Amino acid sequence: MTIQRHIGVHMSDEEYKMCDPAEVAAFRSPVPTQVVSNGEYNPLPQTAQQRQVEELIKEMGDKQAKRYNIPRRQFLASAAGMATAFLAMNKVFGPIFDVSEAEAANMDAAMDRKSRFKGQFIFDDQTHFIRDDFNQEGLLGLTKWAVNAKVNPNIGSAPMSLSRYKMDNYLKEIFLDSETTVSLLSGAPFDDPSWWLISNDAIQSACRSVNTMSGTVRMLGHTVITPKYPNWMDEVDRAIAELHPVSWKSYTIGDPFGPSKYAWSLDDEKLMYPFYEKAIKSGINTICIHKGLMPRDYEKAFAGTWQHATVQDLGKAAKDWPQMNFVIYHSALRPWLADQPDAELAQFEKDGYIEWATDLARIPEKFGVSNVYAELGSTFASTAVTMPRFCAAFVGQLVNLMGADHVVWGSDSVWYGSPQWQIEAMRRLEIPDDIMKAQGWKTKLGAGNGDVKNKIFGLNSARLYKIDPVKVAADIRPWDNDTIAKIKADYLANGGDTGRSNTYYGYIAKKTA
Amino acid sequence: MRNARYRVVLALAFASPLVLAADQKDERAGTCEDAKKQMEYFCAENPKDTMVAIGTACTNAKKNVKAACEGEAEPDRKYEFKDSKN
């Protein structure tokens, strides 16, 4: 197997030496038993608790696999295997996930539960794949890393491919291996153009291809805008006239992977207000903004620019432009991978503050606005794995301060393989009673297909993106019988479900003895 | 003739780093002091903390130092793809 260093990777050589590729090194659990990095930051080493979870999953998986006379890997790829993983997490981290012993022990019970979610509308608000001619620089970095990490002795002779991050695998991971109904495809700018992920034209072209093939709307697309670049407004005009994206995507930090000279602010009246005016006039009045995701030492790493990753520029812009919708990606959570999850949880338990995410959550009340949304891409995945209690606090705070109708689902796929484990984790996540009491919150997350989670998973995005609510709520929805549904049915009939790879792409910290 | 001369000047301007006057240093990515911190963080050989980048981030930081400390800035780029279909 060749090991690939994927787009956006920018860990140092030293950091790569401390990592193994997730797709070969990680135990193939239905949910990751340690943080999988998308390459933006250094993954945490597996904690003692995560190791305990892994051992429990193996132990319980072995027991059940023996009962069914199937390999453990096959059992863990089943619905009962997924339940086993959450049961193990509850045993170690406390009862955060809604799961029963019966589900883990009985494949029929697990399938019964799974069938209850049939038809749930899941809109993934943040997904990516890369252009076919993604630049060679990343590939060279892969070679350097793979050689240093000694993960593949034949690295020099084996051909390398980034296919796992490309469109065909994206479609498999998202539409065949998960219950995602509709995805929103995005892109990203970098100061170094060789890192640009995909063109605005290609995003729309992919959407057209997929939707034509499917016969339904399965994929929607962004147009990336780059304020501070020369003539950026020309691209805005072109998008309005020719591309017709459903929303805009941008990075106030300029470049998500390094200090940029193109950082800007949402409330820069001279720069942005003419854009908002055009956006509203065009009817494309939703903008998705990357916020948060900074290293612990951000004041040094992003000296002079890190302020643009906070939400300090959001309140005024949202108030001045009530017809715009501002979807804040990653919910502005500052640490991408909670490098000190215990400390972050302790801070929350002490004063209710979660770095930068709480600032976002307080904006609606502070500024009297209702056009600000929190999106969960990457931040849900990383916190659910490292510290489920913190994850529950993080999501719970967004729901209780912003309202369940202002939180939207995103998985940041396809960096982490199929998003199905994230979907399962969200369905099962609940806020512990002691946190509810201490924070004075009223809204629990509830059932996996209850009111709150249905809104988060899809109804909020359906509203934002004008997807017909009648179709979403119908007993038989357009997506249930379209071409993708038929391909999926065939795939499942041929063992696709039990064949779920449980593979996570990216890097995990090397295990220590 | 005059137009041709302008074209030559423009071509030179876009072919090489833009050298700014000392009082016109490009501080969009931070002051000289900021940029040095960025470079120290991202280009360090033995990083101790998380998110130490290679490639883009270190390159960014080095360029930011040149722009903010030495007044040597690259011309801004348009966000465009050679083949817009990719």
# chains A, B, ... in the order shown; residues from 1 in each chain; ligands from 1

call {"tool": "residues_around", "arguments": {"residues": "A:Ala384", "least_positions_apart": "4", "cutoff": "10 Å", "atoms": "only C-alpha atoms", "output": "list in words"}}
result
Val31, Pro32, Val35, Met89, Ile96, Phe97, Ser378, Thr379, Phe380, Pro388, Arg389, Phe390, Cys391, Ala392, Phe394, Gln422, Ala425, Met426 and Leu429 of chain A

call {"tool": "residues_around", "arguments": {"residues": "stretch 301-309 of chain A", "least_positions_apart": "3", "cutoff": "7 Å", "atoms": "only C-alpha atoms", "output": "list in words"}}
result
Thr252, Ile253, Pro259, Ala263, Trp264, Ser265, Lys291, Gly292, Asp297 and Tyr298 of chain A; Ala29, Gly30, Thr31, Asp34, Ala35, Lys37, Gln38, Tyr41 and Phe42 of chain B

call {"tool": "closest_residue", "arguments": {"among": "A:Leu314, A:Val217, A:Ala188, A:Met82", "to": "A:Trp479", "atoms": "only C-alpha atoms"}}
result
A:Val217

call {"tool": "closest_residue", "arguments": {"among": "B:Val65, B:Phe81, B:Lys25, B:Ala73", "to": "chain A", "atoms": "only C-alpha atoms"}}
result
B:Phe81

call {"tool": "residues_around", "arguments": {"residues": "stretch 463-478 of chain A", "least_positions_apart": "4", "cutoff": "7 Å", "atoms": "only C-alpha atoms", "output": "PyMOL selection string"}}
result
chain A and resi 121+216+246+459+482

call {"tool": "closest_residue", "arguments": {"among": "A:Ser370, A:Gln204, A:Gln74, A:Gln120", "to": "chain B", "atoms": "only C-alpha atoms"}}
result
A:Gln204

call {"tool": "closest_residue", "arguments": {"among": "B:Thr56, B:Pro75, B:Cys32, B:Gln24", "to": "chain A", "atoms": "only C-alpha atoms"}}
result
B:Thr56

call {"tool": "select_by_dssp", "arguments": {"residues": "stretch 238-380 of chain A", "states": "helix (DSSP H, G or I)", "output": "NGL selection string"}}
result
:A and (238-243 or 269-282 or 298-301 or 306-309 or 314-320 or 330-332 or 341-351 or 357-367 or 379-380)

call {"tool": "residues_around", "arguments": {"residues": "B:Arg77", "least_positions_apart": "4", "cutoff": "10 Å", "atoms": "only C-alpha atoms", "output": "PyMOL selection string"}}
result
(chain A and resi 191-193+228-231) or (chain B and resi 14)

call {"tool": "atom_distance", "arguments": {"atom1": "atom CA of A:Val224", "atom2": "atom CA of A:Ser250"}}
result
5.7 Å

call {"tool": "select_by_dssp", "arguments": {"residues": "stretch 120-336 of chain A", "states": "strand (DSSP E or B)", "output": "MDAnalysis selection string"}}
result
chainID A and resid 123:127 182:185 219:224 247:251 286:290 294 325:329 335

call {"tool": "closest_residue", "arguments": {"among": "B:Glu40, B:Glu74, B:Thr59, B:Arg28", "to": "chain A", "atoms": "only C-alpha atoms"}}
result
B:Arg28

call {"tool": "residues_around", "arguments": {"residues": "A:Gly368", "least_positions_apart": "4", "cutoff": "8 Å", "atoms": "only C-alpha atoms", "output": "ChimeraX atom specification"}}
result
/A:319,363-364

call {"tool": "write_last_selection", "arguments": {"atoms": "all heavy atoms", "output": "short mmCIF file (atom, residue, chain, number, x, y, z; two decimals), in the first residue's frame"}}
result
data_model
loop_
_atom_site.label_atom_id
_atom_site.label_comp_id
_atom_site.auth_asym_id
_atom_site.auth_seq_id
_atom_site.Cartn_x
_atom_site.Cartn_y
_atom_site.Cartn_z
N LYS A 319 -25.02 42.29 12.00
CA LYS A 319 -26.05 43.29 12.34
C LYS A 319 -26.31 44.24 11.18
O LYS A 319 -27.45 44.60 10.89
CB LYS A 319 -25.61 44.07 13.58
CG LYS A 319 -26.73 44.89 14.20
CD LYS A 319 -26.31 45.45 15.54
CE LYS A 319 -27.43 46.25 16.19
NZ LYS A 319 -28.61 45.44 16.53
N ILE A 363 -22.83 35.72 20.24
CA ILE A 363 -23.08 36.82 19.29
C ILE A 363 -24.56 37.12 19.06
O ILE A 363 -24.96 38.29 19.06
CB ILE A 363 -22.31 36.57 17.97
CG1 ILE A 363 -20.86 37.02 18.18
CG2 ILE A 363 -22.94 37.32 16.79
CD1 ILE A 363 -19.96 36.83 16.99
N PRO A 364 -25.41 36.10 18.86
CA PRO A 364 -26.82 36.43 18.61
C PRO A 364 -27.43 37.31 19.70
O PRO A 364 -28.11 38.30 19.40
CB PRO A 364 -27.49 35.04 18.56
CG PRO A 364 -26.41 34.14 18.06
CD PRO A 364 -25.15 34.66 18.72
#
